[in-house]
Amino acid sequence: MHREMIRATPTWRKGPARHDCVFVETDPTLPGIRGLDVVRVLAFLSFKFMGIFYPCALVRWFCRVGDAPDEDTGMWMVEPGVDIHDTPEVSIIHVDSIMRAAHLEPVYGSDFVPTSLQYYHSLDVFKCFYVNKFADHHSFEIAW
């Protein structure tokens with residue numbers, strides 16, 4: 001893959017906001033997803049300090065659920081990270097730590113999904129997600 005477009009915009013093609021999820025390298029010594037975290041990109045920003053340009057992203061963190069992939073699906077599970085006050089965990093990271101896009105599938109549970117739910121609300125409404133390693137061969141190599 002030569003390049004990939006990661007979006008973080010308040011409106012996409014005259015429609016709703018788009019905030020893509022990505023893999024972030026947090027520990028290069030660990031294999032596969034164990035050395036990565038999943039984040040949702042809320043905004044891209046940059047600044048210059050002492051003549052050096054820093055391209056960054058404001059992200060919301062997801063936390064892995066458990067120490068192994070789900071037994072039934074073989075996919076890792078993540079949930080939105082929150083602090084002790086139940087406030088979303090957000091931070092600013094350097095864009096060089098972004099590895100590639102991540103595809104999250106909601107864990108639907110046993111309840112019906114309301115017909116009024118729009119796809120762009122999924123990351124805000126659902127509380128747990130599968131990290132879809134079957135989205136493409138790059139994801140399959142990363143999220144094992």
# chains A, B, ... in the order shown; residues from 1 in each chain; ligands from 1
>>> residues_around(residues="A:Ile142", least_positions_apart="4", cutoff="8 Å", atoms="only C-alpha atoms", output="MDAnalysis selection string")
chainID A and resid 32:33 133 138
>>> residues_around(residues="stretch 73-78 of chain A", least_positions_apart="4", cutoff="7 Å", atoms="only C-alpha atoms", output="list in words")
Phe62, Cys63, Arg64, Val65, Ala68, Pro69, Cys128, Phe129, Tyr130, Val131, Asn132 and Lys133 of chain A
>>> write_last_selection(atoms="N, CA and C atoms", output="mmCIF file, in the first residue's frame")
data_model
loop_
_atom_site.group_PDB
_atom_site.id
_atom_site.type_symbol
_atom_site.label_atom_id
_atom_site.label_comp_id
_atom_site.auth_asym_id
_atom_site.auth_seq_id
_atom_site.Cartn_x
_atom_site.Cartn_y
_atom_site.Cartn_z
ATOM 1 N N PHE A 62 -8.961 3.779 22.669
ATOM 2 C CA PHE A 62 -9.731 2.579 22.964
ATOM 3 C C PHE A 62 -8.834 1.654 23.776
ATOM 4 N N CYS A 63 -9.428 0.868 24.661
ATOM 5 C CA CYS A 63 -8.688 -0.094 25.488
ATOM 6 C C CYS A 63 -9.043 -1.504 25.038
ATOM 7 N N ARG A 64 -8.043 -2.376 24.969
ATOM 8 C CA ARG A 64 -8.305 -3.773 24.645
ATOM 9 C C ARG A 64 -9.103 -4.427 25.765
ATOM 10 N N VAL A 65 -10.023 -5.298 25.368
ATOM 11 C CA VAL A 65 -10.817 -6.066 26.322
ATOM 12 C C VAL A 65 -10.185 -7.451 26.399
ATOM 13 N N ALA A 68 -6.567 -11.733 25.080
ATOM 14 C CA ALA A 68 -6.563 -12.593 23.902
ATOM 15 C C ALA A 68 -7.761 -12.237 23.025
ATOM 16 N N PRO A 69 -7.719 -12.640 21.758
ATOM 17 C CA PRO A 69 -8.872 -12.393 20.891
ATOM 18 C C PRO A 69 -10.112 -13.147 21.381
ATOM 19 N N CYS A 128 -18.707 -1.496 22.903
ATOM 20 C CA CYS A 128 -17.631 -2.460 22.675
ATOM 21 C C CYS A 128 -17.574 -2.760 21.177
ATOM 22 N N PHE A 129 -16.355 -3.023 20.677
ATOM 23 C CA PHE A 129 -16.157 -3.224 19.247
ATOM 24 C C PHE A 129 -15.170 -4.356 19.001
ATOM 25 N N TYR A 130 -15.366 -5.054 17.871
ATOM 26 C CA TYR A 130 -14.374 -5.997 17.374
ATOM 27 C C TYR A 130 -13.401 -5.231 16.483
ATOM 28 N N VAL A 131 -12.119 -5.528 16.606
ATOM 29 C CA VAL A 131 -11.126 -4.994 15.678
ATOM 30 C C VAL A 131 -11.124 -5.953 14.494
ATOM 31 N N ASN A 132 -11.665 -5.513 13.381
ATOM 32 C CA ASN A 132 -11.902 -6.378 12.232
ATOM 33 C C ASN A 132 -10.604 -6.670 11.485
ATOM 34 N N LYS A 133 -10.040 -7.826 11.768
ATOM 35 C CA LYS A 133 -8.804 -8.206 11.082
ATOM 36 C C LYS A 133 -9.078 -8.759 9.688
#
>>> select_by_dssp(residues="stretch 28-106 of chain A", states="strand (DSSP E)", output="ChimeraX atom specification")
/A:36-49,52-65,77-80,90-94,98-102,104-106
>>> closest_residue(among="A:Phe53, A:Tyr120, A:Phe126, A:Phe23", to="A:Thr11", atoms="only C-alpha atoms")
A:Tyr120
>>> atom_distance(atom1="atom CA of A:Ser91", atom2="atom CA of A:Leu123")
17.7 Å
>>> select_by_dssp(residues="chain A", states="alpha helix (DSSP H)", output="number ranges by chain")
A: 122-125, 137-142
